[in-house]
$ cat work-v7.cif   # mmCIF, N, CA and C atoms and all ligand atoms
data_run
loop_
_atom_site.label_atom_id
_atom_site.label_comp_id
_atom_site.auth_asym_id
_atom_site.auth_seq_id
_atom_site.Cartn_x
_atom_site.Cartn_y
_atom_site.Cartn_z
N MET Y 1 137.94 119.04 116.15
CA MET Y 1 137.36 120.38 116.01
C MET Y 1 137.87 121.03 114.72
N THR Y 2 139.20 121.06 114.58
CA THR Y 2 139.75 121.63 113.35
C THR Y 2 141.05 120.93 113.00
N ASP Y 3 141.30 120.77 111.71
CA ASP Y 3 142.56 120.17 111.28
C ASP Y 3 143.54 121.23 110.83
N LYS Y 4 143.06 122.49 110.79
CA LYS Y 4 143.93 123.57 110.33
C LYS Y 4 145.07 123.80 111.31
N ALA Y 5 146.22 124.16 110.79
CA ALA Y 5 147.31 124.57 111.68
C ALA Y 5 146.87 125.84 112.39
N VAL Y 6 147.16 125.91 113.67
CA VAL Y 6 146.71 127.06 114.47
C VAL Y 6 147.89 127.96 114.74
N ASP Y 7 147.67 129.24 114.54
CA ASP Y 7 148.75 130.21 114.68
C ASP Y 7 148.75 130.82 116.07
N PHE Y 8 149.70 130.40 116.90
CA PHE Y 8 149.90 131.04 118.20
C PHE Y 8 151.39 131.09 118.42
N ARG Y 9 151.92 132.29 118.58
CA ARG Y 9 153.36 132.45 118.48
C ARG Y 9 154.12 132.36 119.79
N ASP Y 10 153.38 132.31 120.91
CA ASP Y 10 154.09 132.33 122.20
C ASP Y 10 154.50 130.90 122.59
N ASP Y 11 155.56 130.43 121.95
CA ASP Y 11 156.02 129.06 122.20
C ASP Y 11 156.45 128.85 123.65
N GLU Y 12 156.97 129.91 124.25
CA GLU Y 12 157.44 129.79 125.63
C GLU Y 12 156.26 129.50 126.57
N LEU Y 13 155.14 130.15 126.30
CA LEU Y 13 153.96 129.94 127.15
C LEU Y 13 153.41 128.52 126.98
N VAL Y 14 153.38 128.06 125.76
CA VAL Y 14 152.93 126.69 125.50
C VAL Y 14 153.86 125.69 126.17
N ALA Y 15 155.15 125.93 126.09
CA ALA Y 15 156.12 125.02 126.71
C ALA Y 15 155.96 125.00 128.23
N ALA Y 16 155.64 126.15 128.81
CA ALA Y 16 155.46 126.23 130.26
C ALA Y 16 154.24 125.41 130.70
N ALA Y 17 153.17 125.48 129.92
CA ALA Y 17 151.96 124.70 130.25
C ALA Y 17 152.22 123.21 130.08
N ARG Y 18 153.01 122.86 129.07
CA ARG Y 18 153.34 121.44 128.89
C ARG Y 18 154.20 120.95 130.05
N ALA Y 19 155.13 121.76 130.49
CA ALA Y 19 156.05 121.34 131.55
C ALA Y 19 155.32 121.16 132.88
N VAL Y 20 154.46 122.11 133.22
CA VAL Y 20 153.78 122.04 134.53
C VAL Y 20 152.77 120.89 134.57
N ARG Y 21 152.29 120.52 133.42
CA ARG Y 21 151.35 119.38 133.35
C ARG Y 21 151.96 118.13 133.99
N GLN Y 22 153.27 118.03 133.95
CA GLN Y 22 153.93 116.86 134.54
C GLN Y 22 153.77 116.82 136.06
N HIS Y 23 153.38 117.94 136.67
CA HIS Y 23 153.17 117.96 138.12
C HIS Y 23 151.71 117.70 138.50
N ALA Y 24 150.86 117.46 137.51
CA ALA Y 24 149.44 117.25 137.82
C ALA Y 24 149.29 116.14 138.86
N TRP Y 25 148.38 116.39 139.79
CA TRP Y 25 148.02 115.35 140.77
C TRP Y 25 146.65 114.83 140.35
N ALA Y 26 146.66 113.76 139.54
CA ALA Y 26 145.41 113.27 138.95
C ALA Y 26 145.31 111.76 139.06
N PRO Y 27 145.42 111.22 140.31
CA PRO Y 27 145.40 109.76 140.47
C PRO Y 27 144.00 109.16 140.26
N TYR Y 28 142.97 110.00 140.21
CA TYR Y 28 141.60 109.48 140.09
C TYR Y 28 141.13 109.51 138.64
N SER Y 29 141.33 110.64 137.99
CA SER Y 29 140.89 110.73 136.58
C SER Y 29 141.99 110.31 135.61
N HIS Y 30 143.23 110.38 136.04
CA HIS Y 30 144.38 110.16 135.14
C HIS Y 30 144.34 111.12 133.95
N PHE Y 31 143.72 112.27 134.18
CA PHE Y 31 143.60 113.29 133.12
C PHE Y 31 144.46 114.47 133.57
N ALA Y 32 145.69 114.50 133.12
CA ALA Y 32 146.63 115.53 133.57
C ALA Y 32 146.50 116.78 132.71
N VAL Y 33 146.44 117.93 133.37
CA VAL Y 33 146.27 119.20 132.67
C VAL Y 33 147.32 120.19 133.16
N GLY Y 34 147.83 120.97 132.24
CA GLY Y 34 148.72 122.08 132.58
C GLY Y 34 148.15 123.37 132.04
N ALA Y 35 148.37 124.45 132.75
CA ALA Y 35 147.90 125.77 132.29
C ALA Y 35 149.00 126.78 132.51
N ALA Y 36 149.04 127.78 131.65
CA ALA Y 36 150.02 128.86 131.82
C ALA Y 36 149.38 130.19 131.42
N LEU Y 37 149.61 131.18 132.26
CA LEU Y 37 149.12 132.54 132.02
C LEU Y 37 150.29 133.43 131.67
N ARG Y 38 150.11 134.27 130.68
CA ARG Y 38 151.13 135.28 130.37
C ARG Y 38 150.71 136.61 130.99
N HIS Y 39 151.55 137.17 131.87
CA HIS Y 39 151.29 138.51 132.40
C HIS Y 39 151.85 139.53 131.43
N ARG Y 40 151.25 140.71 131.42
CA ARG Y 40 151.69 141.71 130.45
C ARG Y 40 153.12 142.18 130.70
N ASP Y 41 153.64 141.98 131.92
CA ASP Y 41 155.03 142.37 132.18
C ASP Y 41 156.01 141.28 131.73
N GLY Y 42 155.49 140.21 131.15
CA GLY Y 42 156.36 139.16 130.62
C GLY Y 42 156.41 137.91 131.47
N ARG Y 43 156.01 138.03 132.74
CA ARG Y 43 156.05 136.85 133.61
C ARG Y 43 155.05 135.79 133.16
N ILE Y 44 155.38 134.55 133.49
CA ILE Y 44 154.48 133.42 133.23
C ILE Y 44 154.11 132.81 134.58
N VAL Y 45 152.83 132.50 134.76
CA VAL Y 45 152.39 131.78 135.96
C VAL Y 45 151.72 130.49 135.50
N THR Y 46 152.11 129.39 136.12
CA THR Y 46 151.61 128.08 135.69
C THR Y 46 150.75 127.43 136.76
N GLY Y 47 149.99 126.42 136.34
CA GLY Y 47 149.21 125.62 137.29
C GLY Y 47 148.92 124.26 136.69
N CYS Y 48 148.72 123.28 137.56
CA CYS Y 48 148.29 121.94 137.12
C CYS Y 48 147.04 121.58 137.91
N ASN Y 49 146.31 120.58 137.44
CA ASN Y 49 145.15 120.16 138.22
C ASN Y 49 145.60 119.40 139.47
N VAL Y 50 144.85 119.61 140.54
CA VAL Y 50 145.16 118.99 141.84
C VAL Y 50 143.88 118.31 142.32
N GLU Y 51 143.87 116.99 142.22
CA GLU Y 51 142.67 116.23 142.58
C GLU Y 51 142.69 115.88 144.07
N ASN Y 52 141.54 115.37 144.52
CA ASN Y 52 141.38 115.00 145.91
C ASN Y 52 140.54 113.74 145.99
N ALA Y 53 140.79 112.93 147.03
CA ALA Y 53 140.04 111.69 147.22
C ALA Y 53 138.55 111.95 147.35
N THR Y 54 138.17 113.15 147.73
CA THR Y 54 136.74 113.48 147.79
C THR Y 54 136.23 114.03 146.45
N TYR Y 55 137.04 113.92 145.42
CA TYR Y 55 136.71 114.30 144.04
C TYR Y 55 136.26 115.75 143.88
N GLY Y 56 135.21 116.12 144.63
CA GLY Y 56 134.61 117.45 144.44
C GLY Y 56 135.53 118.60 144.82
N LEU Y 57 136.55 118.31 145.59
CA LEU Y 57 137.49 119.38 145.98
C LEU Y 57 138.61 119.58 144.96
N THR Y 58 138.56 118.81 143.91
CA THR Y 58 139.55 118.96 142.83
C THR Y 58 139.57 120.39 142.30
N VAL Y 59 140.77 120.88 142.04
CA VAL Y 59 140.90 122.22 141.43
C VAL Y 59 141.59 122.05 140.08
N CYS Y 60 141.01 122.68 139.06
CA CYS Y 60 141.55 122.59 137.71
C CYS Y 60 142.84 123.39 137.58
N ALA Y 61 143.62 123.03 136.56
CA ALA Y 61 144.89 123.68 136.30
C ALA Y 61 144.73 125.20 136.09
N GLU Y 62 143.68 125.59 135.39
CA GLU Y 62 143.50 127.01 135.08
C GLU Y 62 143.29 127.83 136.36
N ARG Y 63 142.48 127.27 137.27
CA ARG Y 63 142.21 128.02 138.51
C ARG Y 63 143.44 128.05 139.40
N VAL Y 64 144.21 126.97 139.42
CA VAL Y 64 145.45 127.00 140.20
C VAL Y 64 146.36 128.12 139.67
N ALA Y 65 146.47 128.22 138.35
CA ALA Y 65 147.33 129.26 137.77
C ALA Y 65 146.82 130.66 138.12
N VAL Y 66 145.52 130.86 137.99
CA VAL Y 66 144.96 132.19 138.28
C VAL Y 66 145.16 132.55 139.75
N PHE Y 67 144.89 131.62 140.64
CA PHE Y 67 144.99 131.94 142.07
C PHE Y 67 146.44 132.14 142.48
N LYS Y 68 147.34 131.39 141.87
CA LYS Y 68 148.76 131.65 142.13
C LYS Y 68 149.13 133.07 141.69
N ALA Y 69 148.68 133.45 140.51
CA ALA Y 69 149.03 134.77 139.98
C ALA Y 69 148.49 135.89 140.87
N ILE Y 70 147.24 135.74 141.29
CA ILE Y 70 146.64 136.79 142.13
C ILE Y 70 147.36 136.85 143.47
N SER Y 71 147.72 135.70 143.99
CA SER Y 71 148.40 135.68 145.29
C SER Y 71 149.83 136.20 145.19
N GLU Y 72 150.36 136.27 143.98
CA GLU Y 72 151.69 136.86 143.77
C GLU Y 72 151.60 138.38 143.53
N GLY Y 73 150.38 138.91 143.57
CA GLY Y 73 150.23 140.36 143.43
C GLY Y 73 149.77 140.82 142.06
N MET Y 74 149.62 139.91 141.13
CA MET Y 74 149.10 140.30 139.82
C MET Y 74 147.62 140.64 139.96
N ARG Y 75 147.14 141.50 139.09
CA ARG Y 75 145.78 142.04 139.23
C ARG Y 75 144.95 141.71 137.99
N PRO Y 76 143.62 141.82 138.11
CA PRO Y 76 142.76 141.55 136.95
C PRO Y 76 143.16 142.39 135.74
N ASP Y 77 142.94 141.83 134.59
CA ASP Y 77 143.14 142.50 133.30
C ASP Y 77 144.60 142.80 133.00
N GLU Y 78 145.50 142.12 133.68
CA GLU Y 78 146.93 142.27 133.37
C GLU Y 78 147.46 141.08 132.56
N PHE Y 79 146.57 140.17 132.18
CA PHE Y 79 147.00 138.95 131.49
C PHE Y 79 146.69 139.06 130.00
N THR Y 80 147.54 138.42 129.20
CA THR Y 80 147.38 138.56 127.75
C THR Y 80 147.01 137.26 127.05
N ALA Y 81 147.21 136.13 127.70
CA ALA Y 81 146.83 134.85 127.08
C ALA Y 81 146.86 133.76 128.13
N VAL Y 82 146.10 132.70 127.87
CA VAL Y 82 146.16 131.51 128.72
C VAL Y 82 146.27 130.28 127.82
N VAL Y 83 147.14 129.36 128.21
CA VAL Y 83 147.32 128.11 127.47
C VAL Y 83 146.86 126.96 128.35
N VAL Y 84 146.10 126.04 127.77
CA VAL Y 84 145.66 124.82 128.46
C VAL Y 84 146.18 123.62 127.68
N VAL Y 85 146.86 122.72 128.37
CA VAL Y 85 147.43 121.54 127.71
C VAL Y 85 146.88 120.26 128.33
N ALA Y 86 146.36 119.39 127.47
CA ALA Y 86 145.96 118.04 127.88
C ALA Y 86 146.28 117.11 126.72
N ASP Y 87 146.36 115.83 127.02
CA ASP Y 87 146.75 114.87 125.98
C ASP Y 87 145.51 114.25 125.38
N THR Y 88 144.80 115.02 124.57
CA THR Y 88 143.51 114.60 124.00
C THR Y 88 143.53 114.76 122.48
N GLU Y 89 142.63 114.04 121.82
CA GLU Y 89 142.50 114.20 120.36
C GLU Y 89 141.91 115.56 120.03
N GLU Y 90 140.77 115.85 120.69
CA GLU Y 90 140.09 117.13 120.49
C GLU Y 90 140.76 118.16 121.40
N PRO Y 91 140.65 119.44 121.08
CA PRO Y 91 141.14 120.46 122.02
C PRO Y 91 140.42 120.33 123.35
N THR Y 92 141.11 120.56 124.46
CA THR Y 92 140.48 120.54 125.78
C THR Y 92 140.20 121.98 126.21
N PRO Y 93 138.93 122.37 126.24
CA PRO Y 93 138.59 123.72 126.65
C PRO Y 93 138.45 123.82 128.16
N PRO Y 94 138.60 124.99 128.74
CA PRO Y 94 138.37 125.15 130.19
C PRO Y 94 136.95 124.77 130.55
N CYS Y 95 136.76 124.19 131.75
CA CYS Y 95 135.41 123.86 132.21
C CYS Y 95 134.64 125.15 132.50
N GLY Y 96 133.36 125.01 132.76
CA GLY Y 96 132.52 126.19 133.00
C GLY Y 96 133.00 127.04 134.16
N ALA Y 97 133.35 126.37 135.27
CA ALA Y 97 133.82 127.12 136.44
C ALA Y 97 135.09 127.91 136.11
N CYS Y 98 135.98 127.28 135.38
CA CYS Y 98 137.23 127.97 135.03
C CYS Y 98 136.99 129.13 134.06
N ARG Y 99 136.03 128.99 133.18
CA ARG Y 99 135.71 130.10 132.27
C ARG Y 99 135.29 131.32 133.09
N GLN Y 100 134.47 131.08 134.11
CA GLN Y 100 134.01 132.18 134.96
C GLN Y 100 135.18 132.83 135.71
N ILE Y 101 136.04 132.00 136.27
CA ILE Y 101 137.20 132.53 137.01
C ILE Y 101 138.15 133.26 136.07
N LEU Y 102 138.38 132.67 134.90
CA LEU Y 102 139.26 133.33 133.93
C LEU Y 102 138.67 134.67 133.49
N TRP Y 103 137.35 134.73 133.35
CA TRP Y 103 136.71 135.99 132.93
C TRP Y 103 136.96 137.08 133.97
N GLU Y 104 136.83 136.71 135.24
CA GLU Y 104 137.02 137.68 136.33
C GLU Y 104 138.41 138.33 136.25
N PHE Y 105 139.42 137.53 135.94
CA PHE Y 105 140.79 138.03 136.06
C PHE Y 105 141.47 138.31 134.72
N CYS Y 106 140.98 137.70 133.68
CA CYS Y 106 141.68 137.82 132.38
C CYS Y 106 140.84 138.50 131.31
N GLY Y 107 139.52 138.53 131.48
CA GLY Y 107 138.68 139.10 130.43
C GLY Y 107 138.81 138.32 129.13
N ASP Y 108 138.67 139.03 128.03
CA ASP Y 108 138.58 138.35 126.73
C ASP Y 108 139.96 138.04 126.14
N VAL Y 109 140.74 137.21 126.85
CA VAL Y 109 142.07 136.84 126.35
C VAL Y 109 141.97 135.65 125.38
N PRO Y 110 142.97 135.45 124.55
CA PRO Y 110 143.00 134.22 123.76
C PRO Y 110 143.18 133.01 124.67
N VAL Y 111 142.36 132.00 124.47
CA VAL Y 111 142.47 130.73 125.19
C VAL Y 111 143.06 129.72 124.21
N VAL Y 112 144.27 129.29 124.50
CA VAL Y 112 145.01 128.43 123.59
C VAL Y 112 144.90 127.00 124.09
N MET Y 113 144.39 126.10 123.25
CA MET Y 113 144.21 124.71 123.64
C MET Y 113 145.23 123.86 122.89
N ALA Y 114 146.09 123.19 123.66
CA ALA Y 114 147.20 122.47 123.05
C ALA Y 114 147.32 121.07 123.63
N THR Y 115 148.07 120.26 122.92
CA THR Y 115 148.45 118.93 123.41
C THR Y 115 149.97 118.94 123.61
N PRO Y 116 150.53 117.84 124.08
CA PRO Y 116 152.00 117.80 124.18
C PRO Y 116 152.66 118.00 122.81
N ALA Y 117 151.93 117.74 121.73
CA ALA Y 117 152.55 117.80 120.41
C ALA Y 117 152.23 119.04 119.60
N GLU Y 118 151.02 119.59 119.79
CA GLU Y 118 150.63 120.70 118.91
C GLU Y 118 149.58 121.60 119.54
N VAL Y 119 149.50 122.81 118.98
CA VAL Y 119 148.42 123.72 119.36
C VAL Y 119 147.20 123.36 118.52
N LYS Y 120 146.08 123.09 119.21
CA LYS Y 120 144.89 122.58 118.52
C LYS Y 120 143.89 123.68 118.16
N ALA Y 121 143.75 124.67 119.04
CA ALA Y 121 142.74 125.70 118.81
C ALA Y 121 143.06 126.93 119.64
N VAL Y 122 142.63 128.07 119.13
CA VAL Y 122 142.71 129.33 119.88
C VAL Y 122 141.37 130.04 119.72
N LEU Y 123 140.79 130.41 120.87
CA LEU Y 123 139.47 131.06 120.85
C LEU Y 123 139.46 132.11 121.94
N GLY Y 124 138.86 133.26 121.66
CA GLY Y 124 138.74 134.27 122.70
C GLY Y 124 137.82 133.79 123.81
N LEU Y 125 138.11 134.22 125.06
CA LEU Y 125 137.29 133.76 126.18
C LEU Y 125 135.84 134.22 126.04
N ALA Y 126 135.62 135.36 125.42
CA ALA Y 126 134.23 135.84 125.25
C ALA Y 126 133.42 134.88 124.38
N ALA Y 127 134.09 134.19 123.46
CA ALA Y 127 133.38 133.21 122.63
C ALA Y 127 133.06 131.95 123.44
N LEU Y 128 133.92 131.65 124.43
CA LEU Y 128 133.69 130.47 125.27
C LEU Y 128 132.71 130.77 126.40
N LEU Y 129 132.56 132.04 126.74
CA LEU Y 129 131.67 132.43 127.84
C LEU Y 129 130.86 133.67 127.43
N PRO Y 130 129.90 133.45 126.52
CA PRO Y 130 129.09 134.58 126.10
C PRO Y 130 128.18 135.06 127.24
N TRP Y 131 127.95 136.35 127.31
CA TRP Y 131 127.04 136.94 128.29
C TRP Y 131 127.42 136.55 129.72
N PRO Y 132 128.63 136.87 130.14
CA PRO Y 132 129.07 136.46 131.48
C PRO Y 132 128.46 137.31 132.59
N PHE Y 133 128.34 136.73 133.75
CA PHE Y 133 128.03 137.51 134.96
C PHE Y 133 129.35 138.02 135.52
N ASP Y 134 129.43 139.33 135.76
CA ASP Y 134 130.69 139.88 136.27
C ASP Y 134 130.44 141.14 137.08
N ARG Y 135 131.51 141.81 137.47
CA ARG Y 135 131.39 142.94 138.40
C ARG Y 135 130.64 144.11 137.76
N ARG Y 136 130.63 144.18 136.45
CA ARG Y 136 129.88 145.24 135.78
C ARG Y 136 128.38 145.07 136.06
N ILE Y 137 127.91 143.83 136.01
CA ILE Y 137 126.50 143.56 136.31
C ILE Y 137 126.22 143.86 137.78
N LEU Y 138 127.13 143.40 138.66
CA LEU Y 138 126.96 143.66 140.09
C LEU Y 138 126.79 145.16 140.34
N GLY Y 139 127.56 145.95 139.62
CA GLY Y 139 127.54 147.41 139.81
C GLY Y 139 126.25 148.05 139.40
N THR Y 140 125.43 147.37 138.61
CA THR Y 140 124.18 147.95 138.16
C THR Y 140 123.00 147.58 139.07
N ALA Y 141 123.28 146.84 140.18
CA ALA Y 141 122.19 146.38 141.04
C ALA Y 141 121.54 147.56 141.75
N LYS Y 142 120.22 147.51 141.86
CA LYS Y 142 119.50 148.50 142.66
C LYS Y 142 119.75 148.14 144.12
N LYS Y 143 120.13 149.14 144.92
CA LYS Y 143 120.51 148.86 146.31
C LYS Y 143 119.27 148.60 147.16
N GLU Y 144 119.41 147.60 148.00
CA GLU Y 144 118.28 147.26 148.89
C GLU Y 144 118.74 147.32 150.34
N GLY Y 145 117.83 147.49 151.25
CA GLY Y 145 118.07 147.37 152.67
C GLY Y 145 118.81 148.53 153.30
N1 LIG Y 201 140.60 119.66 134.32
C1 LIG Y 201 141.43 120.74 134.29
O1 LIG Y 201 142.36 120.86 135.11
N2 LIG Y 201 141.20 121.68 133.35
C2 LIG Y 201 140.31 121.57 132.33
O2 LIG Y 201 140.24 122.42 131.48
C3 LIG Y 201 139.43 120.38 132.26
C4 LIG Y 201 139.47 119.48 133.44
C5 LIG Y 201 140.88 118.59 135.30
C6 LIG Y 201 139.97 118.46 136.46
C7 LIG Y 201 140.16 116.99 136.84
O3 LIG Y 201 141.31 116.88 137.65
C8 LIG Y 201 140.46 116.31 135.52
O4 LIG Y 201 140.86 117.34 134.63
C9 LIG Y 201 139.29 115.57 134.92
O5 LIG Y 201 138.15 116.36 134.88
#
$ encode --input "work-v7.cif" --output "structure tokens"
Amino acid sequence: MTDKAVDFRDDELVAAARAVRQHAWAPYSHFAVGAALRHRDGRIVTGCNVENATYGLTVCAERVAVFKAISEGMRPDEFTAVVVVADTEEPTPPCGACRQILWEFCGDVPVVMATPAEVKAVLGLAALLPWPFDRRILGTAKKEG
């Protein structure tokens, strides 16, 4: 995608995503992913992908991190960045489902895509999910029934 050095200064957040990736449960794809969210109060919440023998029940690292954070009492729009780590040549972006979930809880945060060795890309979530469906649209619905 890009050969330019990418400027993202939160080394602690990147390190947390790299570390949690080691807990990935990925015996089917062998594609281990780590994710880390930075809360505005300084806390970090991490997640790894958790696969299942039925494949379709697999949950991505990003969603594990978001759901952990929400279940710990953190609320939407309190997050300042998300890091995704996979061992790929190209940056690994969040899947479509994760973009939607991240939008609900994080809004237009920087999405940092890194490998075990380097940060590959940083892009705002709004660029990854243009024209999202969200609670603002729900609020404009004409009431029926
Ligand atoms: N995966 C993630 O956890 N996050 C991503 O951003 C891309 C994909 C996982 C899901 C599955 O366990 C494996 O990677 C292969 O798709």
$ residues_near_ligand --input "work-v7.cif" --ligand "ligand LIG 201 (chain Y)" --cutoff "5 Å" --atoms "only N, CA and C atoms and all ligand atoms" --output "PyMOL selection string"
chain Y and resi 31+33+49+60-62+93-95
$ residues_around --input "work-v7.cif" --residues "Gln100 of chain Y" --least-positions-apart "4" --cutoff "12 Å" --atoms "only C-alpha atoms" --output "ChimeraX atom specification"
/Y:62-63,66,94-96,104-108,125-126,128-135
$ closest_residue --input "work-v7.cif" --among "Y:Phe8, Y:Tyr28, Y:Phe79, Y:Tyr55" --to "Ala121 of chain Y" --atoms "only C-alpha atoms"
Y:Phe8
$ atom_distance --input "work-v7.cif" --atom1 "atom CA of Ala17 of chain Y" --atom2 "atom C of Ala65 of chain Y"
11.1 Å
$ closest_residue --input "work-v7.cif" --among "Y:Ala35, Y:Cys48, Y:Val6, Y:Ala24" --to "Val85 of chain Y" --atoms "only N, CA and C atoms"
Y:Ala35
$ residues_around --input "work-v7.cif" --residues "Thr88 of chain Y" --least-positions-apart "5" --cutoff "8 Å" --atoms "all atoms listed in the file" --output "list in words"
Ala114, Thr115 and Pro116 of chain Y
$ axis_aligned_box --input "work-v7.cif" --around "segment 53-68 of chain Y" --padding-each-side "3 Å" --output "JSON"
{"center_x": 141.9, "center_y": 122.4, "center_z": 141.4, "size_x": 20.5, "size_y": 27.4, "size_z": 18.7}
$ residues_around --input "work-v7.cif" --residues "Ile44 of chain Y" --least-positions-apart "4" --cutoff "8 Å" --atoms "only N, CA and C atoms" --output "list in words"
Glu12, Leu13, Ala16, Ala36, Leu37, Arg38, His39, Arg40 and Ala69 of chain Y
$ select_by_dssp --input "work-v7.cif" --residues "chain Y" --states "strand (DSSP E)" --output "VMD selection string"
chain Y and resid 34 to 39 44 to 48 79 to 85 110 to 114 119 to 124
$ closest_residue --input "work-v7.cif" --among "Y:Val109, Y:Gly73, Y:Glu78, Y:Val119" --to "Pro91 of chain Y" --atoms "only N, CA and C atoms"
Y:Val119
$ closest_residue --input "work-v7.cif" --among "Y:Val111, Y:Lys68, Y:Leu57, Y:Ala32" --to "Val82 of chain Y" --atoms "all atoms listed in the file"
Y:Val111
$ closest_residue --input "work-v7.cif" --among "Y:Arg136, Y:Lys142, Y:Arg18, Y:Arg9" --to "Val122 of chain Y" --atoms "only C-alpha atoms"
Y:Arg9
$ select_by_dssp --input "work-v7.cif" --residues "chain Y" --states "alpha helix (DSSP H)" --output "NGL selection string"
:Y and (11-21 or 61-71 or 96-106 or 125-128 or 135-139)
$ atom_distance --input "work-v7.cif" --atom1 "atom CA of Asp77 of chain Y" --atom2 "atom N of Pro110 of chain Y"
11.2 Å
